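Source file: model_12.txt. Holds: compact mmCIF, N, CA, C and O atoms.
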# COMPACT_ATOMS: atom_id res chain seq x y z
N MET A 1396 185.75 81.18 231.77
CA MET A 1396 184.57 80.84 232.53
C MET A 1396 184.96 80.36 233.91
O MET A 1396 185.92 79.61 234.07
N ALA A 1397 184.19 80.76 234.87
CA ALA A 1397 184.44 80.31 236.24
C ALA A 1397 183.91 78.89 236.40
O ALA A 1397 183.07 78.42 235.61
N ASP A 1398 184.37 78.22 237.45
CA ASP A 1398 183.94 76.84 237.69
C ASP A 1398 182.43 76.75 237.89
O ASP A 1398 181.79 75.83 237.39
N TRP A 1399 181.86 77.70 238.62
CA TRP A 1399 180.43 77.63 238.87
C TRP A 1399 179.62 77.81 237.59
O TRP A 1399 178.55 77.24 237.44
N GLU A 1400 180.15 78.58 236.63
CA GLU A 1400 179.46 78.77 235.36
C GLU A 1400 179.46 77.47 234.54
O GLU A 1400 178.47 77.13 233.89
N ILE A 1401 180.56 76.77 234.60
CA ILE A 1401 180.65 75.49 233.89
C ILE A 1401 179.65 74.49 234.48
O ILE A 1401 178.91 73.83 233.76
N TRP A 1402 179.63 74.41 235.82
CA TRP A 1402 178.71 73.48 236.47
C TRP A 1402 177.25 73.90 236.26
O TRP A 1402 176.37 73.04 236.10
N ALA A 1403 176.97 75.18 236.23
CA ALA A 1403 175.61 75.65 235.97
C ALA A 1403 175.18 75.29 234.54
O ALA A 1403 174.04 74.88 234.30
N THR A 1404 176.10 75.43 233.60
CA THR A 1404 175.81 75.06 232.22
C THR A 1404 175.52 73.57 232.11
O THR A 1404 174.56 73.16 231.43
N ILE A 1405 176.33 72.76 232.77
CA ILE A 1405 176.12 71.31 232.75
C ILE A 1405 174.77 70.97 233.36
O ILE A 1405 174.01 70.15 232.84
N ALA A 1406 174.42 71.61 234.48
CA ALA A 1406 173.14 71.34 235.13
C ALA A 1406 171.96 71.72 234.24
O ALA A 1406 170.98 70.97 234.14
N VAL A 1407 172.06 72.87 233.59
CA VAL A 1407 170.98 73.29 232.68
C VAL A 1407 170.85 72.32 231.52
O VAL A 1407 169.74 71.97 231.10
N LEU A 1408 171.96 71.86 230.98
CA LEU A 1408 171.91 70.91 229.87
C LEU A 1408 171.33 69.57 230.32
O LEU A 1408 170.60 68.92 229.56
N VAL A 1409 171.63 69.14 231.55
CA VAL A 1409 171.06 67.90 232.07
C VAL A 1409 169.55 68.03 232.17
O VAL A 1409 168.80 67.14 231.77
N VAL A 1410 169.08 69.14 232.72
CA VAL A 1410 167.64 69.35 232.87
C VAL A 1410 166.97 69.43 231.49
O VAL A 1410 165.91 68.82 231.27
N ALA A 1411 167.57 70.14 230.56
CA ALA A 1411 166.99 70.27 229.22
C ALA A 1411 166.93 68.91 228.52
O ALA A 1411 165.91 68.57 227.89
N THR A 1412 167.99 68.12 228.64
CA THR A 1412 168.00 66.80 228.02
C THR A 1412 166.96 65.89 228.65
O THR A 1412 166.22 65.20 227.95
N ALA A 1413 166.89 65.88 229.97
CA ALA A 1413 165.92 65.04 230.66
C ALA A 1413 164.49 65.46 230.31
O ALA A 1413 163.62 64.61 230.09
N ALA A 1414 164.25 66.76 230.24
CA ALA A 1414 162.90 67.25 229.94
C ALA A 1414 162.47 66.87 228.52
O ALA A 1414 161.34 66.42 228.30
N THR A 1415 163.36 67.03 227.56
CA THR A 1415 162.97 66.73 226.18
C THR A 1415 162.82 65.24 225.94
O THR A 1415 161.96 64.80 225.19
N ARG A 1416 163.65 64.45 226.58
CA ARG A 1416 163.56 63.00 226.37
C ARG A 1416 162.42 62.36 227.15
O ARG A 1416 161.89 61.35 226.73
N SER A 1417 162.07 62.92 228.28
CA SER A 1417 161.00 62.31 229.08
C SER A 1417 159.63 62.88 228.76
O SER A 1417 158.63 62.34 229.21
N SER A 1418 159.56 63.93 227.97
CA SER A 1418 158.26 64.55 227.69
C SER A 1418 157.32 63.59 226.98
O SER A 1418 156.14 63.52 227.30
N PHE A 1419 157.83 62.81 226.04
CA PHE A 1419 156.97 61.86 225.33
C PHE A 1419 156.56 60.72 226.25
O PHE A 1419 155.46 60.19 226.14
N TRP A 1420 157.41 60.36 227.17
CA TRP A 1420 157.09 59.29 228.11
C TRP A 1420 156.03 59.76 229.10
O TRP A 1420 155.14 59.01 229.48
N LEU A 1421 156.13 61.02 229.52
CA LEU A 1421 155.20 61.54 230.52
C LEU A 1421 153.84 61.90 229.94
O LEU A 1421 152.81 61.66 230.56
N ILE A 1422 153.81 62.51 228.76
CA ILE A 1422 152.54 62.96 228.19
C ILE A 1422 152.21 62.28 226.87
O ILE A 1422 151.24 62.63 226.22
N GLY A 1423 152.98 61.29 226.49
CA GLY A 1423 152.80 60.64 225.19
C GLY A 1423 151.47 59.96 225.03
O GLY A 1423 150.88 59.96 223.95
N HIS A 1424 150.92 59.36 226.07
CA HIS A 1424 149.65 58.65 225.95
C HIS A 1424 148.46 59.61 225.89
O HIS A 1424 147.36 59.21 225.56
N HIS A 1425 148.67 60.88 226.20
CA HIS A 1425 147.60 61.87 226.13
C HIS A 1425 147.50 62.52 224.75
O HIS A 1425 146.54 63.21 224.47
N ILE A 1426 148.51 62.32 223.93
CA ILE A 1426 148.55 62.94 222.61
C ILE A 1426 148.37 61.86 221.56
O ILE A 1426 149.03 60.82 221.60
N THR A 1427 147.51 62.12 220.60
CA THR A 1427 147.36 61.19 219.48
C THR A 1427 147.99 61.82 218.25
O THR A 1427 147.69 62.96 217.90
N ILE A 1428 148.86 61.09 217.65
CA ILE A 1428 149.54 61.56 216.44
C ILE A 1428 148.64 61.20 215.25
O ILE A 1428 148.19 60.05 215.14
N PRO A 1429 148.39 62.15 214.37
CA PRO A 1429 147.56 61.84 213.19
C PRO A 1429 148.18 60.72 212.36
O PRO A 1429 149.41 60.55 212.31
N ARG A 1430 147.33 59.95 211.72
CA ARG A 1430 147.77 58.78 210.95
C ARG A 1430 148.77 59.18 209.86
O ARG A 1430 149.77 58.51 209.66
N ARG A 1431 148.51 60.28 209.19
CA ARG A 1431 149.41 60.73 208.11
C ARG A 1431 150.80 61.07 208.65
O ARG A 1431 151.81 60.73 208.03
N VAL A 1432 150.87 61.74 209.78
CA VAL A 1432 152.16 62.07 210.40
C VAL A 1432 152.88 60.80 210.82
O VAL A 1432 154.09 60.65 210.63
N ASN A 1433 152.13 59.87 211.39
CA ASN A 1433 152.72 58.60 211.82
C ASN A 1433 153.30 57.84 210.62
O ASN A 1433 154.38 57.23 210.72
N GLU A 1434 152.62 57.88 209.48
CA GLU A 1434 153.13 57.23 208.27
C GLU A 1434 154.39 57.92 207.77
O GLU A 1434 155.32 57.26 207.33
N MET A 1435 154.43 59.24 207.86
CA MET A 1435 155.62 59.98 207.40
C MET A 1435 156.82 59.73 208.32
O MET A 1435 157.96 59.72 207.86
N LEU A 1436 156.57 59.54 209.60
CA LEU A 1436 157.66 59.31 210.54
C LEU A 1436 158.37 57.98 210.30
O LEU A 1436 159.51 57.81 210.73
N ARG A 1437 157.73 57.06 209.58
CA ARG A 1437 158.39 55.80 209.24
C ARG A 1437 159.63 56.04 208.38
O ARG A 1437 160.57 55.25 208.42
N PHE A 1438 159.62 57.11 207.60
CA PHE A 1438 160.72 57.38 206.68
C PHE A 1438 161.82 58.26 207.29
O PHE A 1438 162.84 58.50 206.66
N ALA A 1439 161.63 58.73 208.51
CA ALA A 1439 162.61 59.62 209.14
C ALA A 1439 163.98 58.97 209.32
O ALA A 1439 165.00 59.60 209.00
N PRO A 1440 164.09 57.71 209.79
CA PRO A 1440 165.43 57.12 209.91
C PRO A 1440 166.16 57.00 208.58
O PRO A 1440 167.36 57.27 208.49
N ALA A 1441 165.44 56.62 207.52
CA ALA A 1441 166.08 56.49 206.21
C ALA A 1441 166.55 57.85 205.70
O ALA A 1441 167.64 57.97 205.12
N CYS A 1442 165.75 58.89 205.93
CA CYS A 1442 166.14 60.23 205.50
C CYS A 1442 167.36 60.72 206.28
O CYS A 1442 168.26 61.34 205.71
N ALA A 1443 167.37 60.46 207.57
CA ALA A 1443 168.51 60.88 208.39
C ALA A 1443 169.78 60.14 207.95
O ALA A 1443 170.86 60.75 207.85
N LEU A 1444 169.66 58.85 207.68
CA LEU A 1444 170.82 58.08 207.23
C LEU A 1444 171.32 58.59 205.88
O LEU A 1444 172.53 58.73 205.67
N ALA A 1445 170.41 58.88 204.97
CA ALA A 1445 170.80 59.42 203.67
C ALA A 1445 171.47 60.78 203.81
O ALA A 1445 172.44 61.08 203.11
N ALA A 1446 170.98 61.59 204.74
CA ALA A 1446 171.59 62.91 204.95
C ALA A 1446 172.99 62.81 205.52
O ALA A 1446 173.81 63.70 205.32
N ILE A 1447 173.28 61.74 206.21
CA ILE A 1447 174.63 61.55 206.76
C ILE A 1447 175.55 60.93 205.72
O ILE A 1447 176.70 61.34 205.57
N ILE A 1448 175.06 59.93 205.00
CA ILE A 1448 175.92 59.17 204.09
C ILE A 1448 176.16 59.88 202.76
O ILE A 1448 177.27 59.87 202.23
N ALA A 1449 175.13 60.50 202.20
CA ALA A 1449 175.25 61.10 200.87
C ALA A 1449 176.38 62.12 200.76
O ALA A 1449 177.17 62.06 199.81
N PRO A 1450 176.53 63.07 201.69
CA PRO A 1450 177.65 64.00 201.56
C PRO A 1450 179.01 63.31 201.62
O PRO A 1450 179.94 63.70 200.93
N ASP A 1451 179.11 62.26 202.43
CA ASP A 1451 180.38 61.55 202.53
C ASP A 1451 180.72 60.84 201.22
O ASP A 1451 181.89 60.77 200.82
N LEU A 1452 179.71 60.30 200.55
CA LEU A 1452 179.97 59.61 199.29
C LEU A 1452 180.21 60.56 198.13
O LEU A 1452 181.03 60.28 197.25
N LEU A 1453 179.52 61.69 198.12
CA LEU A 1453 179.56 62.57 196.96
C LEU A 1453 180.63 63.65 197.03
O LEU A 1453 181.12 64.09 196.00
N LEU A 1454 180.97 64.11 198.23
CA LEU A 1454 181.92 65.21 198.35
C LEU A 1454 183.34 64.70 198.48
O LEU A 1454 183.63 63.77 199.23
N ASN A 1455 184.22 65.34 197.74
CA ASN A 1455 185.64 65.04 197.82
C ASN A 1455 186.38 66.38 197.83
O ASN A 1455 186.36 67.11 196.84
N ASN A 1456 186.98 66.73 198.93
CA ASN A 1456 187.65 68.02 199.13
C ASN A 1456 186.68 69.19 198.92
O ASN A 1456 187.02 70.21 198.33
N GLY A 1457 185.45 69.02 199.39
CA GLY A 1457 184.46 70.09 199.32
C GLY A 1457 183.78 70.24 197.98
O GLY A 1457 182.94 71.11 197.81
N GLN A 1458 184.10 69.40 197.02
CA GLN A 1458 183.51 69.48 195.69
C GLN A 1458 182.73 68.20 195.40
O GLN A 1458 183.18 67.10 195.73
N VAL A 1459 181.57 68.33 194.77
CA VAL A 1459 180.80 67.16 194.38
C VAL A 1459 181.54 66.47 193.25
O VAL A 1459 181.93 67.11 192.25
N GLN A 1460 181.75 65.17 193.39
CA GLN A 1460 182.54 64.44 192.40
C GLN A 1460 181.82 63.15 192.01
O GLN A 1460 181.65 62.24 192.82
N PHE A 1461 181.37 63.07 190.76
CA PHE A 1461 180.66 61.91 190.23
C PHE A 1461 181.57 61.06 189.34
O PHE A 1461 181.09 60.36 188.47
N GLU A 1462 182.87 61.09 189.57
CA GLU A 1462 183.81 60.39 188.70
C GLU A 1462 184.22 59.07 189.33
O GLU A 1462 184.03 58.82 190.51
N LEU A 1463 184.84 58.21 188.51
CA LEU A 1463 185.31 56.92 189.01
C LEU A 1463 186.50 57.07 189.95
O LEU A 1463 186.83 56.13 190.66
N SER A 1464 187.11 58.23 189.99
CA SER A 1464 188.22 58.44 190.92
C SER A 1464 187.72 58.65 192.35
O SER A 1464 188.51 58.59 193.29
N ASN A 1465 186.41 58.85 192.53
CA ASN A 1465 185.82 58.97 193.86
C ASN A 1465 185.56 57.55 194.38
O ASN A 1465 184.54 56.94 194.09
N LEU A 1466 186.51 57.04 195.16
CA LEU A 1466 186.45 55.65 195.61
C LEU A 1466 185.27 55.39 196.54
O LEU A 1466 184.70 54.29 196.53
N LYS A 1467 184.89 56.38 197.31
CA LYS A 1467 183.75 56.20 198.22
C LYS A 1467 182.46 56.03 197.42
O LYS A 1467 181.62 55.19 197.77
N LEU A 1468 182.28 56.80 196.38
CA LEU A 1468 181.08 56.70 195.56
C LEU A 1468 181.03 55.36 194.83
O LEU A 1468 179.98 54.72 194.79
N VAL A 1469 182.14 54.91 194.31
CA VAL A 1469 182.20 53.62 193.62
C VAL A 1469 181.89 52.50 194.61
O VAL A 1469 181.13 51.57 194.31
N SER A 1470 182.46 52.58 195.81
CA SER A 1470 182.21 51.57 196.83
C SER A 1470 180.75 51.59 197.28
O SER A 1470 180.14 50.53 197.51
N GLY A 1471 180.17 52.76 197.41
CA GLY A 1471 178.76 52.87 197.77
C GLY A 1471 177.86 52.26 196.72
O GLY A 1471 176.89 51.56 197.05
N ALA A 1472 178.18 52.51 195.46
CA ALA A 1472 177.38 51.92 194.37
C ALA A 1472 177.51 50.40 194.37
O ALA A 1472 176.51 49.68 194.19
N ALA A 1473 178.71 49.90 194.60
CA ALA A 1473 178.91 48.45 194.67
C ALA A 1473 178.15 47.85 195.85
O ALA A 1473 177.56 46.77 195.74
N ALA A 1474 178.16 48.54 196.98
CA ALA A 1474 177.43 48.06 198.15
C ALA A 1474 175.92 48.04 197.90
O ALA A 1474 175.22 47.12 198.34
N ILE A 1475 175.40 49.05 197.20
CA ILE A 1475 173.97 49.08 196.88
C ILE A 1475 173.61 47.89 195.98
O ILE A 1475 172.61 47.20 196.21
N LEU A 1476 174.43 47.62 194.98
CA LEU A 1476 174.19 46.48 194.10
C LEU A 1476 174.26 45.16 194.87
O LEU A 1476 173.45 44.25 194.65
N PHE A 1477 175.22 45.06 195.79
CA PHE A 1477 175.34 43.86 196.62
C PHE A 1477 174.09 43.68 197.48
O PHE A 1477 173.56 42.58 197.60
N TYR A 1478 173.61 44.79 198.07
CA TYR A 1478 172.41 44.69 198.90
C TYR A 1478 171.19 44.27 198.08
O TYR A 1478 170.38 43.46 198.54
N LEU A 1479 171.06 44.81 196.89
CA LEU A 1479 169.92 44.44 196.04
C LEU A 1479 169.96 42.96 195.67
O LEU A 1479 168.91 42.33 195.50
N ALA A 1480 171.16 42.39 195.57
CA ALA A 1480 171.29 40.98 195.23
C ALA A 1480 171.09 40.08 196.45
O ALA A 1480 170.48 39.01 196.35
N ARG A 1481 171.61 40.48 197.61
CA ARG A 1481 171.61 39.61 198.78
C ARG A 1481 170.57 39.94 199.84
O ARG A 1481 170.18 39.07 200.62
N ARG A 1482 170.16 41.19 199.96
CA ARG A 1482 169.17 41.64 200.97
C ARG A 1482 169.61 41.32 202.41
O ARG A 1482 168.81 40.93 203.24
N ASN A 1483 170.91 41.50 202.69
CA ASN A 1483 171.44 41.28 204.03
C ASN A 1483 172.28 42.49 204.40
O ASN A 1483 173.33 42.74 203.80
N MET A 1484 171.83 43.24 205.42
CA MET A 1484 172.50 44.50 205.76
C MET A 1484 173.90 44.28 206.32
O MET A 1484 174.83 45.00 205.96
N LEU A 1485 174.09 43.29 207.20
CA LEU A 1485 175.41 43.05 207.78
C LEU A 1485 176.41 42.66 206.71
O LEU A 1485 177.53 43.17 206.68
N GLN A 1486 176.02 41.76 205.82
CA GLN A 1486 176.90 41.37 204.72
C GLN A 1486 177.22 42.56 203.82
O GLN A 1486 178.34 42.70 203.33
N THR A 1487 176.24 43.43 203.61
CA THR A 1487 176.45 44.61 202.77
C THR A 1487 177.47 45.56 203.40
O THR A 1487 178.34 46.08 202.70
N ILE A 1488 177.39 45.75 204.71
CA ILE A 1488 178.35 46.62 205.39
C ILE A 1488 179.75 46.05 205.27
O ILE A 1488 180.71 46.76 204.93
N VAL A 1489 179.89 44.75 205.52
CA VAL A 1489 181.21 44.11 205.42
C VAL A 1489 181.72 44.17 203.99
O VAL A 1489 182.89 44.52 203.75
N PHE A 1490 180.86 43.85 203.03
CA PHE A 1490 181.26 43.90 201.62
C PHE A 1490 181.69 45.31 201.22
O PHE A 1490 182.72 45.49 200.57
N GLY A 1491 180.89 46.31 201.59
CA GLY A 1491 181.21 47.68 201.22
C GLY A 1491 182.55 48.14 201.79
O GLY A 1491 183.34 48.79 201.10
N MET A 1492 182.80 47.80 203.04
CA MET A 1492 184.08 48.20 203.66
C MET A 1492 185.25 47.46 203.02
O MET A 1492 186.30 48.04 202.79
N LEU A 1493 185.08 46.17 202.75
CA LEU A 1493 186.15 45.41 202.10
C LEU A 1493 186.40 45.92 200.68
O LEU A 1493 187.55 46.03 200.24
N PHE A 1494 185.33 46.23 199.97
CA PHE A 1494 185.46 46.76 198.61
C PHE A 1494 186.19 48.10 198.63
O PHE A 1494 187.10 48.33 197.83
N PHE A 1495 185.80 48.97 199.55
CA PHE A 1495 186.46 50.28 199.67
C PHE A 1495 187.93 50.12 200.04
O PHE A 1495 188.80 50.79 199.47
N THR A 1496 188.21 49.23 200.99
CA THR A 1496 189.60 49.00 201.39
C THR A 1496 190.41 48.45 200.22
O THR A 1496 191.56 48.87 200.00
N GLY A 1497 189.82 47.53 199.47
CA GLY A 1497 190.51 46.99 198.30
C GLY A 1497 190.81 48.07 197.27
O GLY A 1497 191.91 48.13 196.71
N LEU A 1498 189.84 48.94 196.99
CA LEU A 1498 190.06 50.03 196.04
C LEU A 1498 191.15 50.98 196.54
O LEU A 1498 191.99 51.43 195.75
N ARG A 1499 191.15 51.28 197.82
CA ARG A 1499 192.17 52.17 198.37
C ARG A 1499 193.56 51.54 198.26
O ARG A 1499 194.53 52.22 197.93
N LEU A 1500 193.65 50.25 198.54
CA LEU A 1500 194.94 49.57 198.42
C LEU A 1500 195.41 49.53 196.97
O LEU A 1500 196.60 49.74 196.70
N LEU A 1501 194.50 49.27 196.05
CA LEU A 1501 194.87 49.29 194.63
C LEU A 1501 195.29 50.68 194.19
O LEU A 1501 196.23 50.83 193.39
N HIS A 1502 194.63 51.69 194.71
CA HIS A 1502 194.94 53.08 194.36
C HIS A 1502 196.30 53.47 194.91
O HIS A 1502 197.06 54.19 194.25
N VAL A 1503 196.63 53.02 196.11
CA VAL A 1503 197.91 53.36 196.74
C VAL A 1503 199.05 52.61 196.07
O VAL A 1503 200.12 53.17 195.83
N LEU A 1504 198.82 51.34 195.74
CA LEU A 1504 199.89 50.53 195.18
C LEU A 1504 200.16 50.83 193.71
O LEU A 1504 201.25 50.55 193.22
N SER A 1505 199.20 51.38 192.99
CA SER A 1505 199.43 51.65 191.57
C SER A 1505 200.02 53.00 191.33
O SER A 1505 200.16 53.85 192.11
Please go through the file and, once you have read it, give me the structure as structure tokens.
Amino acid sequence: MADWEIWATIAVLVVATAATRSSFWLIGHHITIPRRVNEMLRFAPACALAAIIAPDLLLNNGQVQFELSNLKLVSGAAAILFYLARRNMLQTIVFGMLFFTGLRLLHVLS
């Protein structure tokens, strides 16, 4: 690619990003979102987070693994139980990472 093609691509991407991100700001007050859609959008962050985390917990070398040898899955289950008991997200993240690190160290040392 020539230099001008790279810069043209960057410029087009800047315009596309600015247009998509500012469109709701510019015309958002003119559009009313139906109540049902607005209620469904409340669950979008949780769905996106589950779509990111679930494959990492369940897949091991490209295969779904529901066994106790899957340390990520065991740590995730422990973190869920910890969250249900404590209801504190920051503590759950720290606990889950420490639990996973502890399992990995036990797995390496044994």
### Task
For each of A:Ala1414, A:Leu1453, A:Ala1397, A:Met1484, take the minimum atom-to-atom distance to Leu1466 in chain A, counting only C-alpha atoms, then give the residue where this is smallest.
A:Leu1453
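Between CA of Lys1467 in chain A and CA of Phe1495 in chain A there is a distance of 6.7 Å.
CA of Arg1416 in chain A lies 18.7 Å from CA of Asn1433 in chain A.
Between atom O of Leu1452 in chain A and atom N of Phe1438 in chain A the interatomic distance comes to 24.0 Å.
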Residues at most 10 Å from Leu1468 in chain A, counting only C-alpha atoms, excluding those fewer than 5 positions away in the same chain, as an mmCIF file with N, CA, C and O atoms, in the frame of the given file?
data_model
loop_
_atom_site.group_PDB
_atom_site.id
_atom_site.type_symbol
_atom_site.label_atom_id
_atom_site.label_comp_id
_atom_site.auth_asym_id
_atom_site.auth_seq_id
_atom_site.Cartn_x
_atom_site.Cartn_y
_atom_site.Cartn_z
ATOM 1 N N ALA A 1449 175.130 60.500 202.200
ATOM 2 C CA ALA A 1449 175.250 61.100 200.870
ATOM 3 C C ALA A 1449 176.380 62.120 200.760
ATOM 4 O O ALA A 1449 177.170 62.060 199.810
ATOM 5 N N ASP A 1451 179.110 62.260 202.430
ATOM 6 C CA ASP A 1451 180.380 61.550 202.530
ATOM 7 C C ASP A 1451 180.720 60.840 201.220
ATOM 8 O O ASP A 1451 181.890 60.770 200.820
ATOM 9 N N LEU A 1452 179.710 60.300 200.550
ATOM 10 C CA LEU A 1452 179.970 59.610 199.290
ATOM 11 C C LEU A 1452 180.210 60.560 198.130
ATOM 12 O O LEU A 1452 181.030 60.280 197.250
ATOM 13 N N LEU A 1453 179.520 61.690 198.120
ATOM 14 C CA LEU A 1453 179.560 62.570 196.960
ATOM 15 C C LEU A 1453 180.630 63.650 197.030
ATOM 16 O O LEU A 1453 181.120 64.090 196.000
ATOM 17 N N LEU A 1454 180.970 64.110 198.230
ATOM 18 C CA LEU A 1454 181.920 65.210 198.350
ATOM 19 C C LEU A 1454 183.340 64.700 198.480
ATOM 20 O O LEU A 1454 183.630 63.770 199.230
ATOM 21 N N ASN A 1455 184.220 65.340 197.740
ATOM 22 C CA ASN A 1455 185.640 65.040 197.820
ATOM 23 C C ASN A 1455 186.380 66.380 197.830
ATOM 24 O O ASN A 1455 186.360 67.110 196.840
ATOM 25 N N GLN A 1460 181.750 65.170 193.390
ATOM 26 C CA GLN A 1460 182.540 64.440 192.400
ATOM 27 C C GLN A 1460 181.820 63.150 192.010
ATOM 28 O O GLN A 1460 181.650 62.240 192.820
ATOM 29 N N PHE A 1461 181.370 63.070 190.760
ATOM 30 C CA PHE A 1461 180.660 61.910 190.230
ATOM 31 C C PHE A 1461 181.570 61.060 189.340
ATOM 32 O O PHE A 1461 181.090 60.360 188.470
ATOM 33 N N GLU A 1462 182.870 61.090 189.570
ATOM 34 C CA GLU A 1462 183.810 60.390 188.700
ATOM 35 C C GLU A 1462 184.220 59.070 189.330
ATOM 36 O O GLU A 1462 184.030 58.820 190.510
ATOM 37 N N LEU A 1463 184.840 58.210 188.510
ATOM 38 C CA LEU A 1463 185.310 56.920 189.010
ATOM 39 C C LEU A 1463 186.500 57.070 189.950
ATOM 40 O O LEU A 1463 186.830 56.130 190.660
ATOM 41 N N ALA A 1473 178.710 49.900 194.600
ATOM 42 C CA ALA A 1473 178.910 48.450 194.670
ATOM 43 C C ALA A 1473 178.150 47.850 195.850
ATOM 44 O O ALA A 1473 177.560 46.770 195.740
ATOM 45 N N ALA A 1474 178.160 48.540 196.980
ATOM 46 C CA ALA A 1474 177.430 48.060 198.150
ATOM 47 C C ALA A 1474 175.920 48.040 197.900
ATOM 48 O O ALA A 1474 175.220 47.120 198.340
ATOM 49 N N PHE A 1495 185.800 48.970 199.550
ATOM 50 C CA PHE A 1495 186.460 50.280 199.670
ATOM 51 C C PHE A 1495 187.930 50.120 200.040
ATOM 52 O O PHE A 1495 188.800 50.790 199.470
#
### Task
Run DSSP on the backbone and grab whatever in range 1419-1484 of chain A lands in alpha helix (DSSP H); send it over as JSON, numbers by chain.
{"A": [1419, 1420, 1421, 1422, 1430, 1431, 1432, 1433, 1434, 1435, 1436, 1439, 1440, 1441, 1442, 1443, 1444, 1445, 1446, 1447, 1448, 1449, 1450, 1451, 1452, 1453, 1466, 1467, 1468, 1469, 1470, 1471, 1472, 1473, 1474, 1475, 1476, 1477, 1478, 1479, 1480, 1481, 1484]}
### Query
Among chain A, which residues carry a DSSP assignment of strand (DSSP E or B), reported as a list in words?
Leu1454, Asn1455, Gln1458 and Val1459 of chain A
